[in-house]
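Participant: As input, take structure22.cif (mmCIF, N, CA and C atoms):
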data_data
loop_
_atom_site.label_atom_id
_atom_site.label_comp_id
_atom_site.auth_asym_id
_atom_site.auth_seq_id
_atom_site.Cartn_x
_atom_site.Cartn_y
_atom_site.Cartn_z
N MET A 283 0.85 -1.17 0.00
CA MET A 283 0.00 0.00 0.00
C MET A 283 0.89 1.23 0.00
N ASP A 284 0.56 2.18 -0.85
CA ASP A 284 1.27 3.44 -0.90
C ASP A 284 0.40 4.52 -0.30
N ALA A 285 0.89 5.24 0.68
CA ALA A 285 0.15 6.34 1.28
C ALA A 285 0.78 7.64 0.83
N PHE A 286 0.00 8.50 0.21
CA PHE A 286 0.52 9.77 -0.26
C PHE A 286 0.45 10.84 0.80
N SER A 287 -0.50 10.73 1.73
CA SER A 287 -0.64 11.70 2.80
C SER A 287 -1.40 11.05 3.94
N THR A 288 -1.10 11.47 5.14
CA THR A 288 -1.82 10.93 6.29
C THR A 288 -2.68 11.98 6.96
N GLU A 289 -2.71 13.20 6.46
CA GLU A 289 -3.52 14.25 7.05
C GLU A 289 -4.99 14.05 6.65
N VAL A 290 -5.88 14.03 7.63
CA VAL A 290 -7.29 13.88 7.33
C VAL A 290 -7.72 15.02 6.41
N GLY A 291 -8.39 14.65 5.34
CA GLY A 291 -8.82 15.64 4.35
C GLY A 291 -7.85 15.78 3.19
N ARG A 292 -6.71 15.15 3.29
CA ARG A 292 -5.73 15.17 2.21
C ARG A 292 -5.10 13.78 2.06
N THR A 293 -5.89 12.76 2.29
CA THR A 293 -5.37 11.40 2.28
C THR A 293 -5.66 10.73 0.95
N HIS A 294 -4.68 10.03 0.44
CA HIS A 294 -4.85 9.22 -0.76
C HIS A 294 -3.99 7.98 -0.60
N CYS A 295 -4.65 6.84 -0.52
CA CYS A 295 -3.94 5.57 -0.38
C CYS A 295 -4.31 4.66 -1.53
N GLU A 296 -3.35 3.89 -1.98
CA GLU A 296 -3.58 2.92 -3.06
C GLU A 296 -3.11 1.55 -2.62
N VAL A 297 -3.84 0.53 -3.04
CA VAL A 297 -3.47 -0.86 -2.76
C VAL A 297 -3.21 -1.54 -4.09
N PHE A 298 -2.03 -2.14 -4.21
CA PHE A 298 -1.64 -2.86 -5.42
C PHE A 298 -1.62 -4.36 -5.15
N VAL A 299 -1.99 -5.15 -6.14
CA VAL A 299 -1.93 -6.60 -6.06
C VAL A 299 -0.68 -7.06 -6.80
N ASP A 300 0.09 -7.89 -6.16
CA ASP A 300 1.34 -8.40 -6.75
C ASP A 300 2.29 -7.28 -7.16
N GLY A 301 2.17 -6.14 -6.51
CA GLY A 301 3.06 -5.02 -6.80
C GLY A 301 2.83 -4.37 -8.14
N GLU A 302 1.81 -4.78 -8.88
CA GLU A 302 1.61 -4.25 -10.23
C GLU A 302 0.23 -3.67 -10.47
N ASP A 303 -0.81 -4.42 -10.17
CA ASP A 303 -2.16 -4.02 -10.52
C ASP A 303 -2.81 -3.22 -9.40
N LEU A 304 -3.24 -2.01 -9.72
CA LEU A 304 -3.94 -1.18 -8.76
C LEU A 304 -5.31 -1.80 -8.50
N ALA A 305 -5.59 -2.13 -7.23
CA ALA A 305 -6.85 -2.80 -6.88
C ALA A 305 -7.83 -1.86 -6.20
N LEU A 306 -7.32 -0.93 -5.39
CA LEU A 306 -8.18 -0.10 -4.57
C LEU A 306 -7.51 1.24 -4.32
N SER A 307 -8.32 2.29 -4.33
CA SER A 307 -7.83 3.62 -4.02
C SER A 307 -8.84 4.27 -3.08
N VAL A 308 -8.35 4.89 -2.00
CA VAL A 308 -9.23 5.58 -1.06
C VAL A 308 -8.71 6.99 -0.83
N PHE A 309 -9.63 7.92 -0.63
CA PHE A 309 -9.31 9.33 -0.45
C PHE A 309 -10.08 9.89 0.73
N SER A 310 -9.55 10.91 1.34
CA SER A 310 -10.34 11.84 2.15
C SER A 310 -10.01 13.22 1.60
N GLU A 311 -11.03 14.04 1.45
CA GLU A 311 -10.82 15.34 0.82
C GLU A 311 -11.85 16.36 1.30
N TRP A 312 -11.39 17.60 1.45
CA TRP A 312 -12.27 18.69 1.86
C TRP A 312 -12.89 19.33 0.63
N LYS A 313 -14.18 19.66 0.74
CA LYS A 313 -14.90 20.35 -0.34
C LYS A 313 -15.72 21.47 0.28
N ASP A 314 -16.09 22.45 -0.54
CA ASP A 314 -16.94 23.53 -0.06
C ASP A 314 -18.41 23.27 -0.36
N ASP A 315 -18.71 22.20 -1.05
CA ASP A 315 -20.06 21.87 -1.48
C ASP A 315 -20.52 20.62 -0.73
N PRO A 316 -21.66 20.66 -0.04
CA PRO A 316 -22.10 19.48 0.72
C PRO A 316 -22.72 18.39 -0.13
N SER A 317 -22.71 18.51 -1.45
CA SER A 317 -23.36 17.54 -2.32
C SER A 317 -22.53 16.27 -2.49
N VAL A 318 -23.01 15.19 -1.89
CA VAL A 318 -22.34 13.91 -2.06
C VAL A 318 -22.44 13.45 -3.51
N ARG A 319 -23.51 13.80 -4.18
CA ARG A 319 -23.68 13.43 -5.60
C ARG A 319 -22.56 14.04 -6.44
N ARG A 320 -22.25 15.29 -6.21
CA ARG A 320 -21.19 15.95 -6.99
C ARG A 320 -19.84 15.27 -6.75
N VAL A 321 -19.55 14.91 -5.50
CA VAL A 321 -18.30 14.23 -5.19
C VAL A 321 -18.30 12.82 -5.80
N ALA A 322 -19.41 12.11 -5.67
CA ALA A 322 -19.49 10.75 -6.21
C ALA A 322 -19.31 10.73 -7.72
N LEU A 323 -19.77 11.76 -8.38
CA LEU A 323 -19.68 11.81 -9.84
C LEU A 323 -18.43 12.54 -10.34
N SER A 324 -17.54 12.96 -9.42
CA SER A 324 -16.38 13.76 -9.82
C SER A 324 -15.31 12.97 -10.54
N ASN A 325 -15.32 11.66 -10.42
CA ASN A 325 -14.32 10.86 -11.12
C ASN A 325 -14.92 10.33 -12.42
N PRO A 326 -14.37 10.71 -13.56
CA PRO A 326 -14.96 10.31 -14.83
C PRO A 326 -14.83 8.82 -15.14
N TYR A 327 -14.00 8.10 -14.41
CA TYR A 327 -13.77 6.70 -14.72
C TYR A 327 -14.64 5.74 -13.93
N PHE A 328 -15.35 6.25 -12.91
CA PHE A 328 -16.13 5.38 -12.04
C PHE A 328 -17.53 5.94 -11.82
N ASP A 329 -18.51 5.06 -11.88
CA ASP A 329 -19.87 5.42 -11.47
C ASP A 329 -19.98 5.06 -10.00
N LEU A 330 -19.83 6.04 -9.13
CA LEU A 330 -19.91 5.80 -7.69
C LEU A 330 -21.28 6.21 -7.15
N ALA A 331 -22.25 6.46 -8.04
CA ALA A 331 -23.51 7.06 -7.62
C ALA A 331 -24.73 6.26 -8.06
N LYS A 332 -24.65 4.96 -8.05
CA LYS A 332 -25.80 4.15 -8.45
C LYS A 332 -26.88 4.13 -7.37
N TYR A 333 -26.46 4.06 -6.11
CA TYR A 333 -27.38 4.01 -4.97
C TYR A 333 -27.10 5.19 -4.05
N GLU A 334 -28.16 5.67 -3.37
CA GLU A 334 -27.98 6.79 -2.44
C GLU A 334 -28.67 6.47 -1.11
N SER A 335 -28.02 6.83 -0.01
CA SER A 335 -28.59 6.60 1.32
C SER A 335 -29.81 7.50 1.52
N ASP A 336 -30.70 7.09 2.39
CA ASP A 336 -31.90 7.88 2.67
C ASP A 336 -31.56 9.26 3.21
N ASP A 337 -30.47 9.37 3.97
CA ASP A 337 -30.10 10.67 4.53
C ASP A 337 -29.21 11.49 3.59
N ARG A 338 -28.93 10.94 2.41
CA ARG A 338 -28.15 11.62 1.37
C ARG A 338 -26.73 11.98 1.79
N THR A 339 -26.16 11.19 2.69
CA THR A 339 -24.77 11.44 3.09
C THR A 339 -23.79 10.54 2.37
N TYR A 340 -24.28 9.51 1.68
CA TYR A 340 -23.37 8.67 0.91
C TYR A 340 -24.06 8.07 -0.30
N MET A 341 -23.23 7.77 -1.30
CA MET A 341 -23.68 7.11 -2.53
C MET A 341 -22.66 6.03 -2.84
N TRP A 342 -23.10 4.98 -3.53
CA TRP A 342 -22.20 3.88 -3.84
C TRP A 342 -22.66 3.13 -5.07
N SER A 343 -21.77 2.30 -5.56
CA SER A 343 -22.05 1.40 -6.68
C SER A 343 -21.18 0.16 -6.49
N GLU A 344 -21.12 -0.67 -7.48
CA GLU A 344 -20.28 -1.86 -7.42
C GLU A 344 -18.79 -1.52 -7.41
N LEU A 345 -18.45 -0.30 -7.79
CA LEU A 345 -17.04 0.09 -7.91
C LEU A 345 -16.57 1.06 -6.83
N GLY A 346 -17.39 1.22 -5.77
CA GLY A 346 -16.97 2.09 -4.67
C GLY A 346 -18.05 3.07 -4.29
N GLY A 347 -17.64 4.20 -3.75
CA GLY A 347 -18.62 5.19 -3.33
C GLY A 347 -17.99 6.43 -2.74
N ALA A 348 -18.86 7.33 -2.29
CA ALA A 348 -18.44 8.58 -1.66
C ALA A 348 -19.34 8.83 -0.47
N GLN A 349 -18.77 9.39 0.60
CA GLN A 349 -19.53 9.65 1.82
C GLN A 349 -19.09 10.97 2.43
N ARG A 350 -20.06 11.80 2.85
CA ARG A 350 -19.78 13.00 3.61
C ARG A 350 -19.75 12.59 5.08
N ILE A 351 -18.70 12.98 5.79
CA ILE A 351 -18.56 12.54 7.17
C ILE A 351 -18.35 13.74 8.09
N PRO A 352 -18.75 13.59 9.35
CA PRO A 352 -18.52 14.68 10.31
C PRO A 352 -17.06 14.69 10.76
N CYS A 353 -16.51 15.88 10.81
CA CYS A 353 -15.13 16.04 11.27
C CYS A 353 -15.00 17.44 11.86
N PRO A 354 -15.70 17.70 12.99
CA PRO A 354 -15.79 19.07 13.50
C PRO A 354 -14.47 19.70 13.91
N VAL A 355 -13.55 18.95 14.47
CA VAL A 355 -12.29 19.54 14.93
C VAL A 355 -11.45 20.01 13.75
N ALA A 356 -11.26 19.16 12.77
CA ALA A 356 -10.45 19.53 11.61
C ALA A 356 -11.16 20.56 10.73
N ALA A 357 -12.49 20.57 10.76
CA ALA A 357 -13.24 21.54 9.94
C ALA A 357 -12.91 22.98 10.33
N GLU A 358 -12.55 23.19 11.59
CA GLU A 358 -12.18 24.53 12.03
C GLU A 358 -10.95 25.06 11.29
N GLU A 359 -10.11 24.15 10.82
CA GLU A 359 -8.91 24.53 10.09
C GLU A 359 -9.19 24.78 8.61
N HIS A 360 -10.41 24.49 8.17
CA HIS A 360 -10.77 24.60 6.75
C HIS A 360 -12.06 25.41 6.59
N PRO A 361 -12.05 26.69 6.93
CA PRO A 361 -13.29 27.47 6.90
C PRO A 361 -13.91 27.58 5.50
N ASP A 362 -13.10 27.54 4.46
CA ASP A 362 -13.64 27.64 3.10
C ASP A 362 -14.02 26.29 2.53
N LEU A 363 -13.42 25.24 3.04
CA LEU A 363 -13.69 23.88 2.57
C LEU A 363 -14.15 23.07 3.78
N ASN A 364 -15.41 23.23 4.16
CA ASN A 364 -15.85 22.72 5.45
C ASN A 364 -16.59 21.39 5.41
N GLN A 365 -16.60 20.71 4.29
CA GLN A 365 -17.25 19.41 4.19
C GLN A 365 -16.17 18.35 3.91
N LEU A 366 -16.09 17.34 4.76
CA LEU A 366 -15.12 16.27 4.56
C LEU A 366 -15.80 15.08 3.90
N PHE A 367 -15.19 14.60 2.85
CA PHE A 367 -15.70 13.44 2.12
C PHE A 367 -14.63 12.36 2.07
N VAL A 368 -15.07 11.13 2.03
CA VAL A 368 -14.19 10.00 1.72
C VAL A 368 -14.71 9.38 0.44
N ARG A 369 -13.78 8.86 -0.34
CA ARG A 369 -14.14 8.13 -1.57
C ARG A 369 -13.38 6.82 -1.60
N VAL A 370 -14.03 5.80 -2.10
CA VAL A 370 -13.44 4.48 -2.30
C VAL A 370 -13.64 4.14 -3.77
N MET A 371 -12.56 3.73 -4.45
CA MET A 371 -12.66 3.29 -5.84
C MET A 371 -12.03 1.92 -5.99
N ILE A 372 -12.80 0.99 -6.51
CA ILE A 372 -12.36 -0.39 -6.73
C ILE A 372 -12.02 -0.53 -8.21
N PHE A 373 -10.79 -0.91 -8.50
CA PHE A 373 -10.32 -0.94 -9.88
C PHE A 373 -10.54 -2.28 -10.58
N ASP A 374 -10.90 -3.30 -9.85
CA ASP A 374 -11.16 -4.61 -10.45
C ASP A 374 -12.54 -4.59 -11.09
N ARG A 375 -12.60 -4.48 -12.41
CA ARG A 375 -13.88 -4.37 -13.13
C ARG A 375 -14.73 -5.63 -13.03
N SER A 376 -14.14 -6.74 -12.61
CA SER A 376 -14.93 -7.96 -12.45
C SER A 376 -15.65 -7.99 -11.09
N PHE A 377 -15.29 -7.07 -10.19
CA PHE A 377 -15.93 -6.98 -8.89
C PHE A 377 -17.34 -6.44 -9.08
N LYS A 378 -18.34 -7.15 -8.60
CA LYS A 378 -19.73 -6.75 -8.84
C LYS A 378 -20.57 -6.80 -7.57
N ASP A 379 -20.00 -6.50 -6.41
CA ASP A 379 -20.72 -6.62 -5.15
C ASP A 379 -20.94 -5.24 -4.54
N ALA A 380 -22.09 -4.64 -4.85
CA ALA A 380 -22.39 -3.30 -4.35
C ALA A 380 -22.51 -3.28 -2.83
N THR A 381 -23.00 -4.35 -2.24
CA THR A 381 -23.13 -4.41 -0.79
C THR A 381 -21.76 -4.38 -0.11
N ALA A 382 -20.83 -5.16 -0.64
CA ALA A 382 -19.47 -5.17 -0.08
C ALA A 382 -18.80 -3.81 -0.28
N ALA A 383 -19.01 -3.18 -1.43
CA ALA A 383 -18.44 -1.85 -1.68
C ALA A 383 -19.01 -0.83 -0.69
N LYS A 384 -20.31 -0.91 -0.44
CA LYS A 384 -20.94 -0.01 0.53
C LYS A 384 -20.37 -0.24 1.93
N GLU A 385 -20.21 -1.48 2.33
CA GLU A 385 -19.67 -1.79 3.66
C GLU A 385 -18.24 -1.28 3.81
N LEU A 386 -17.44 -1.40 2.76
CA LEU A 386 -16.07 -0.88 2.79
C LEU A 386 -16.09 0.64 2.92
N LEU A 387 -16.92 1.31 2.14
CA LEU A 387 -17.04 2.76 2.20
C LEU A 387 -17.43 3.22 3.60
N LEU A 388 -18.46 2.59 4.17
CA LEU A 388 -18.94 3.00 5.49
C LEU A 388 -17.91 2.72 6.58
N ALA A 389 -17.19 1.61 6.47
CA ALA A 389 -16.15 1.30 7.45
C ALA A 389 -15.02 2.33 7.37
N TYR A 390 -14.62 2.69 6.17
CA TYR A 390 -13.57 3.70 6.00
C TYR A 390 -14.05 5.05 6.54
N GLY A 391 -15.27 5.44 6.19
CA GLY A 391 -15.82 6.71 6.68
C GLY A 391 -15.92 6.75 8.19
N THR A 392 -16.36 5.66 8.80
CA THR A 392 -16.45 5.57 10.26
C THR A 392 -15.08 5.71 10.90
N SER A 393 -14.09 5.08 10.30
CA SER A 393 -12.73 5.14 10.82
C SER A 393 -12.18 6.56 10.76
N VAL A 394 -12.38 7.24 9.65
CA VAL A 394 -11.88 8.61 9.52
C VAL A 394 -12.62 9.52 10.50
N ALA A 395 -13.95 9.39 10.60
CA ALA A 395 -14.74 10.23 11.50
C ALA A 395 -14.35 10.03 12.96
N ALA A 396 -13.91 8.82 13.30
CA ALA A 396 -13.53 8.51 14.69
C ALA A 396 -12.06 8.84 14.99
N SER A 397 -11.32 9.31 13.99
CA SER A 397 -9.90 9.60 14.18
C SER A 397 -9.71 10.79 15.12
N PRO A 398 -8.58 10.84 15.81
CA PRO A 398 -8.30 11.97 16.69
C PRO A 398 -8.34 13.31 15.95
N GLU A 399 -7.99 13.33 14.69
CA GLU A 399 -8.02 14.56 13.91
C GLU A 399 -9.43 15.11 13.78
N CYS A 400 -10.44 14.23 13.77
CA CYS A 400 -11.82 14.67 13.64
C CYS A 400 -12.52 14.89 14.98
N THR A 401 -12.15 14.09 15.96
CA THR A 401 -12.84 14.15 17.25
C THR A 401 -12.13 15.01 18.28
N GLY A 402 -10.83 15.22 18.09
CA GLY A 402 -10.05 15.98 19.06
C GLY A 402 -9.57 15.15 20.23
N ARG A 403 -9.89 13.86 20.23
CA ARG A 403 -9.44 12.98 21.30
C ARG A 403 -8.16 12.29 20.88
N ALA A 404 -7.14 12.41 21.67
CA ALA A 404 -5.86 11.78 21.33
C ALA A 404 -5.80 10.36 21.86
#
Please rewrite the model in this file as structure tokens.
Facilitator:
Amino acid sequence: MDAFSTEVGRTHCEVFVDGEDLALSVFSEWKDDPSVRRVALSNPYFDLAKYESDDRTYMWSELGGAQRIPCPVAAEEHPDLNQLFVRVMIFDRSFKDATAAKELLLAYGTSVAASPECTGRA
């Protein structure tokens, strides 16, 4: 796994299989727009917006998803970009399990939201 940044809101991690094939990419990123649809559709290579939660905080498909998460402590440092989103992208086109993709997205979002950077608890 290659981690490009560990700061919440500027995280990009990639997982490679056999050191060659990109299998998974996850992001956390600050945006000024609370629209999860806009974030889910921001990547031209993936449809991350097939399904939407009832509360409209996350969208997902068989290839990943996007979720708006609470991060009140770190949000104070980003007054112009006050919405934190996580995105998960699955690069294996044969993967067809939207439920598993949703569970991965929600687990990642929960982990970021519970981080000391978001909660202020060390």
Participant: List the neighbours of region 336-347 of chain A out to 5 Å using all atoms listed in the file; skip same-chain residues closer than 2 positions along the sequence, and give me the result as a ChimeraX atom specification.
Facilitator: /A:330-334,349-350,369-372,378-380
Participant: Kindly give the distance, in Å, that separates CA of Gly391 (chain A) and CA of Leu306 (chain A), rounded to a single decimal.
Facilitator: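 Result for CA of Gly391 (chain A) versus CA of Leu306 (chain A): 15.2 Å, one decimal.
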Participant: Check chain A with DSSP on the backbone and list each residue it calls strand (DSSP E), as an MDAnalysis selection string.
Facilitator: chainID A and resid 284:285 292:299 303:313 333:334 340:343 346:351 365:372
Participant: I need the chosen residues saved as a CSV table (one decimal), in the coordinates of the input, with N, CA and C atoms.
Facilitator:
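Resulting contents of selection_15.csv:
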chain,number,residue,atom,x,y,z
A,284,ASP,N,0.6,2.2,-0.8
A,284,ASP,CA,1.3,3.4,-0.9
A,284,ASP,C,0.4,4.5,-0.3
A,285,ALA,N,0.9,5.2,0.7
A,285,ALA,CA,0.2,6.3,1.3
A,285,ALA,C,0.8,7.6,0.8
A,292,ARG,N,-6.7,15.2,3.3
A,292,ARG,CA,-5.7,15.2,2.2
A,292,ARG,C,-5.1,13.8,2.1
A,293,THR,N,-5.9,12.8,2.3
A,293,THR,CA,-5.4,11.4,2.3
A,293,THR,C,-5.7,10.7,1.0
A,294,HIS,N,-4.7,10.0,0.4
A,294,HIS,CA,-4.8,9.2,-0.8
A,294,HIS,C,-4.0,8.0,-0.6
A,295,CYS,N,-4.6,6.8,-0.5
A,295,CYS,CA,-3.9,5.6,-0.4
A,295,CYS,C,-4.3,4.7,-1.5
A,296,GLU,N,-3.4,3.9,-2.0
A,296,GLU,CA,-3.6,2.9,-3.1
A,296,GLU,C,-3.1,1.6,-2.6
A,297,VAL,N,-3.8,0.5,-3.0
A,297,VAL,CA,-3.5,-0.9,-2.8
A,297,VAL,C,-3.2,-1.5,-4.1
A,298,PHE,N,-2.0,-2.1,-4.2
A,298,PHE,CA,-1.6,-2.9,-5.4
A,298,PHE,C,-1.6,-4.4,-5.2
A,299,VAL,N,-2.0,-5.2,-6.1
A,299,VAL,CA,-1.9,-6.6,-6.1
A,299,VAL,C,-0.7,-7.1,-6.8
A,303,ASP,N,-0.8,-4.4,-10.2
A,303,ASP,CA,-2.2,-4.0,-10.5
A,303,ASP,C,-2.8,-3.2,-9.4
A,304,LEU,N,-3.2,-2.0,-9.7
A,304,LEU,CA,-3.9,-1.2,-8.8
A,304,LEU,C,-5.3,-1.8,-8.5
A,305,ALA,N,-5.6,-2.1,-7.2
A,305,ALA,CA,-6.8,-2.8,-6.9
A,305,ALA,C,-7.8,-1.9,-6.2
A,306,LEU,N,-7.3,-0.9,-5.4
A,306,LEU,CA,-8.2,-0.1,-4.6
A,306,LEU,C,-7.5,1.2,-4.3
A,307,SER,N,-8.3,2.3,-4.3
A,307,SER,CA,-7.8,3.6,-4.0
A,307,SER,C,-8.8,4.3,-3.1
A,308,VAL,N,-8.4,4.9,-2.0
A,308,VAL,CA,-9.2,5.6,-1.1
A,308,VAL,C,-8.7,7.0,-0.8
A,309,PHE,N,-9.6,7.9,-0.6
A,309,PHE,CA,-9.3,9.3,-0.4
A,309,PHE,C,-10.1,9.9,0.7
A,310,SER,N,-9.6,10.9,1.3
A,310,SER,CA,-10.3,11.8,2.2
A,310,SER,C,-10.0,13.2,1.6
A,311,GLU,N,-11.0,14.0,1.4
A,311,GLU,CA,-10.8,15.3,0.8
A,311,GLU,C,-11.8,16.4,1.3
A,312,TRP,N,-11.4,17.6,1.4
A,312,TRP,CA,-12.3,18.7,1.9
A,312,TRP,C,-12.9,19.3,0.6
A,313,LYS,N,-14.2,19.7,0.7
A,313,LYS,CA,-14.9,20.4,-0.3
A,313,LYS,C,-15.7,21.5,0.3
A,333,TYR,N,-26.5,4.1,-6.1
A,333,TYR,CA,-27.4,4.0,-5.0
A,333,TYR,C,-27.1,5.2,-4.0
A,334,GLU,N,-28.2,5.7,-3.4
A,334,GLU,CA,-28.0,6.8,-2.4
A,334,GLU,C,-28.7,6.5,-1.1
A,340,TYR,N,-24.3,9.5,1.7
A,340,TYR,CA,-23.4,8.7,0.9
A,340,TYR,C,-24.1,8.1,-0.3
A,341,MET,N,-23.2,7.8,-1.3
A,341,MET,CA,-23.7,7.1,-2.5
A,341,MET,C,-22.7,6.0,-2.8
A,342,TRP,N,-23.1,5.0,-3.5
A,342,TRP,CA,-22.2,3.9,-3.8
A,342,TRP,C,-22.7,3.1,-5.1
A,343,SER,N,-21.8,2.3,-5.6
A,343,SER,CA,-22.0,1.4,-6.7
A,343,SER,C,-21.2,0.2,-6.5
A,346,GLY,N,-17.4,1.2,-5.8
A,346,GLY,CA,-17.0,2.1,-4.7
A,346,GLY,C,-18.0,3.1,-4.3
A,347,GLY,N,-17.6,4.2,-3.8
A,347,GLY,CA,-18.6,5.2,-3.3
A,347,GLY,C,-18.0,6.4,-2.7
A,348,ALA,N,-18.9,7.3,-2.3
A,348,ALA,CA,-18.4,8.6,-1.7
A,348,ALA,C,-19.3,8.8,-0.5
A,349,GLN,N,-18.8,9.4,0.6
A,349,GLN,CA,-19.5,9.6,1.8
A,349,GLN,C,-19.1,11.0,2.4
A,350,ARG,N,-20.1,11.8,2.8
A,350,ARG,CA,-19.8,13.0,3.6
A,350,ARG,C,-19.8,12.6,5.1
A,351,ILE,N,-18.7,13.0,5.8
A,351,ILE,CA,-18.6,12.5,7.2
A,351,ILE,C,-18.4,13.7,8.1
A,365,GLN,N,-16.6,20.7,4.3
A,365,GLN,CA,-17.2,19.4,4.2
A,365,GLN,C,-16.2,18.4,3.9
A,366,LEU,N,-16.1,17.3,4.8
A,366,LEU,CA,-15.1,16.3,4.6
A,366,LEU,C,-15.8,15.1,3.9
A,367,PHE,N,-15.2,14.6,2.8
A,367,PHE,CA,-15.7,13.4,2.1
A,367,PHE,C,-14.6,12.4,2.1
A,368,VAL,N,-15.1,11.1,2.0
A,368,VAL,CA,-14.2,10.0,1.7
A,368,VAL,C,-14.7,9.4,0.4
A,369,ARG,N,-13.8,8.9,-0.3
A,369,ARG,CA,-14.1,8.1,-1.6
A,369,ARG,C,-13.4,6.8,-1.6
A,370,VAL,N,-14.0,5.8,-2.1
A,370,VAL,CA,-13.4,4.5,-2.3
A,370,VAL,C,-13.6,4.1,-3.8
A,371,MET,N,-12.6,3.7,-4.4
A,371,MET,CA,-12.7,3.3,-5.8
A,371,MET,C,-12.0,1.9,-6.0
A,372,ILE,N,-12.8,1.0,-6.5
A,372,ILE,CA,-12.4,-0.4,-6.7
A,372,ILE,C,-12.0,-0.5,-8.2
Participant: What does the distance from atom C of Val321 (chain A) to atom C of Ala356 (chain A) come to in Å, to one decimal?
Facilitator: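 Atom C of Ala356 (chain A) lies 19.6 Å from atom C of Val321 (chain A).
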Participant: So how many Å separate CA of Pro326 (chain A) and CA of Phe309 (chain A), to one decimal?
Facilitator: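 Separation between CA of Pro326 (chain A) and CA of Phe309 (chain A): 15.5 Å.
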Participant: I'd like the contact shell of Ala357 (chain A) - 8 Å cut-off, only C-alpha atoms, skipping same-chain residues fewer than 5 positions apart - returned as number ranges by chain.
Facilitator: A: 363-366, 400
Participant: Please, what is the axis-aligned box for every listed atom of region 319-327 of chain A with 6 Å on each side, as centre and edge lengths in Å to one decimal, as AutoDock Vina command-line options?
Facilitator:
--center_x -18.7 --center_y 10.8 --center_z -9.7 --size_x 21.9 --size_y 22.2 --size_z 23.0
Participant: Any chance you could list, as an NGL selection string, the residues in chain A that come up alpha helix (DSSP H) when DSSP is run on the backbone?
Facilitator: :A and (318-322 or 354-357 or 380-395 or 398-401)
Participant: Taking into account all atoms listed in the file, which residue in the set A:Leu388, A:Ala382, A:Cys295, A:Val394 is nearest to Ala348 (chain A)?
Facilitator: A:Leu388
Participant: Taking 3 positions as the minimum chain separation for residues in the same chain, which residues sit within 7 Å of Glu399 (chain A) when counting all atoms listed in the file? Answer as a PDB file with N, CA and C atoms, in the frame of the given file.
Facilitator:
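The resulting file, part_36.pdb, is reproduced below:
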ATOM      1  N   VAL A 290      -5.880  14.030   7.630  1.00  0.00           N
ATOM      2  CA  VAL A 290      -7.290  13.880   7.330  1.00  0.00           C
ATOM      3  C   VAL A 290      -7.720  15.020   6.410  1.00  0.00           C
ATOM      4  N   CYS A 353     -16.510  15.880  10.810  1.00  0.00           N
ATOM      5  CA  CYS A 353     -15.130  16.040  11.270  1.00  0.00           C
ATOM      6  C   CYS A 353     -15.000  17.440  11.860  1.00  0.00           C
ATOM      7  N   PRO A 354     -15.700  17.700  12.990  1.00  0.00           N
ATOM      8  CA  PRO A 354     -15.790  19.070  13.500  1.00  0.00           C
ATOM      9  C   PRO A 354     -14.470  19.700  13.910  1.00  0.00           C
ATOM     10  N   VAL A 355     -13.550  18.950  14.470  1.00  0.00           N
ATOM     11  CA  VAL A 355     -12.290  19.540  14.930  1.00  0.00           C
ATOM     12  C   VAL A 355     -11.450  20.010  13.750  1.00  0.00           C
ATOM     13  N   ALA A 356     -11.260  19.160  12.770  1.00  0.00           N
ATOM     14  CA  ALA A 356     -10.450  19.530  11.610  1.00  0.00           C
ATOM     15  C   ALA A 356     -11.160  20.560  10.730  1.00  0.00           C
ATOM     16  N   ALA A 357     -12.490  20.570  10.760  1.00  0.00           N
ATOM     17  CA  ALA A 357     -13.240  21.540   9.940  1.00  0.00           C
ATOM     18  C   ALA A 357     -12.910  22.980  10.330  1.00  0.00           C
ATOM     19  N   ALA A 396     -13.910   8.820  13.300  1.00  0.00           N
ATOM     20  CA  ALA A 396     -13.530   8.510  14.690  1.00  0.00           C
ATOM     21  C   ALA A 396     -12.060   8.840  14.990  1.00  0.00           C
ATOM     22  N   GLY A 402     -10.830  15.220  18.090  1.00  0.00           N
ATOM     23  CA  GLY A 402     -10.050  15.980  19.060  1.00  0.00           C
ATOM     24  C   GLY A 402      -9.570  15.150  20.230  1.00  0.00           C
ATOM     25  N   ARG A 403      -9.890  13.860  20.230  1.00  0.00           N
ATOM     26  CA  ARG A 403      -9.440  12.980  21.300  1.00  0.00           C
ATOM     27  C   ARG A 403      -8.160  12.290  20.880  1.00  0.00           C
TER      28      ARG A 403
END
Participant: Find the spatial neighbours of Val297 (chain A), counting only N, CA and C atoms, within a cut-off of 7 Å - ignore same-chain residues fewer than 2 positions away - and output them as a list in words.
Facilitator: Met283, Asp284, Cys295, Val299, Asp303, Leu304, Ala305, Leu306, Ser307 and Val308 of chain A
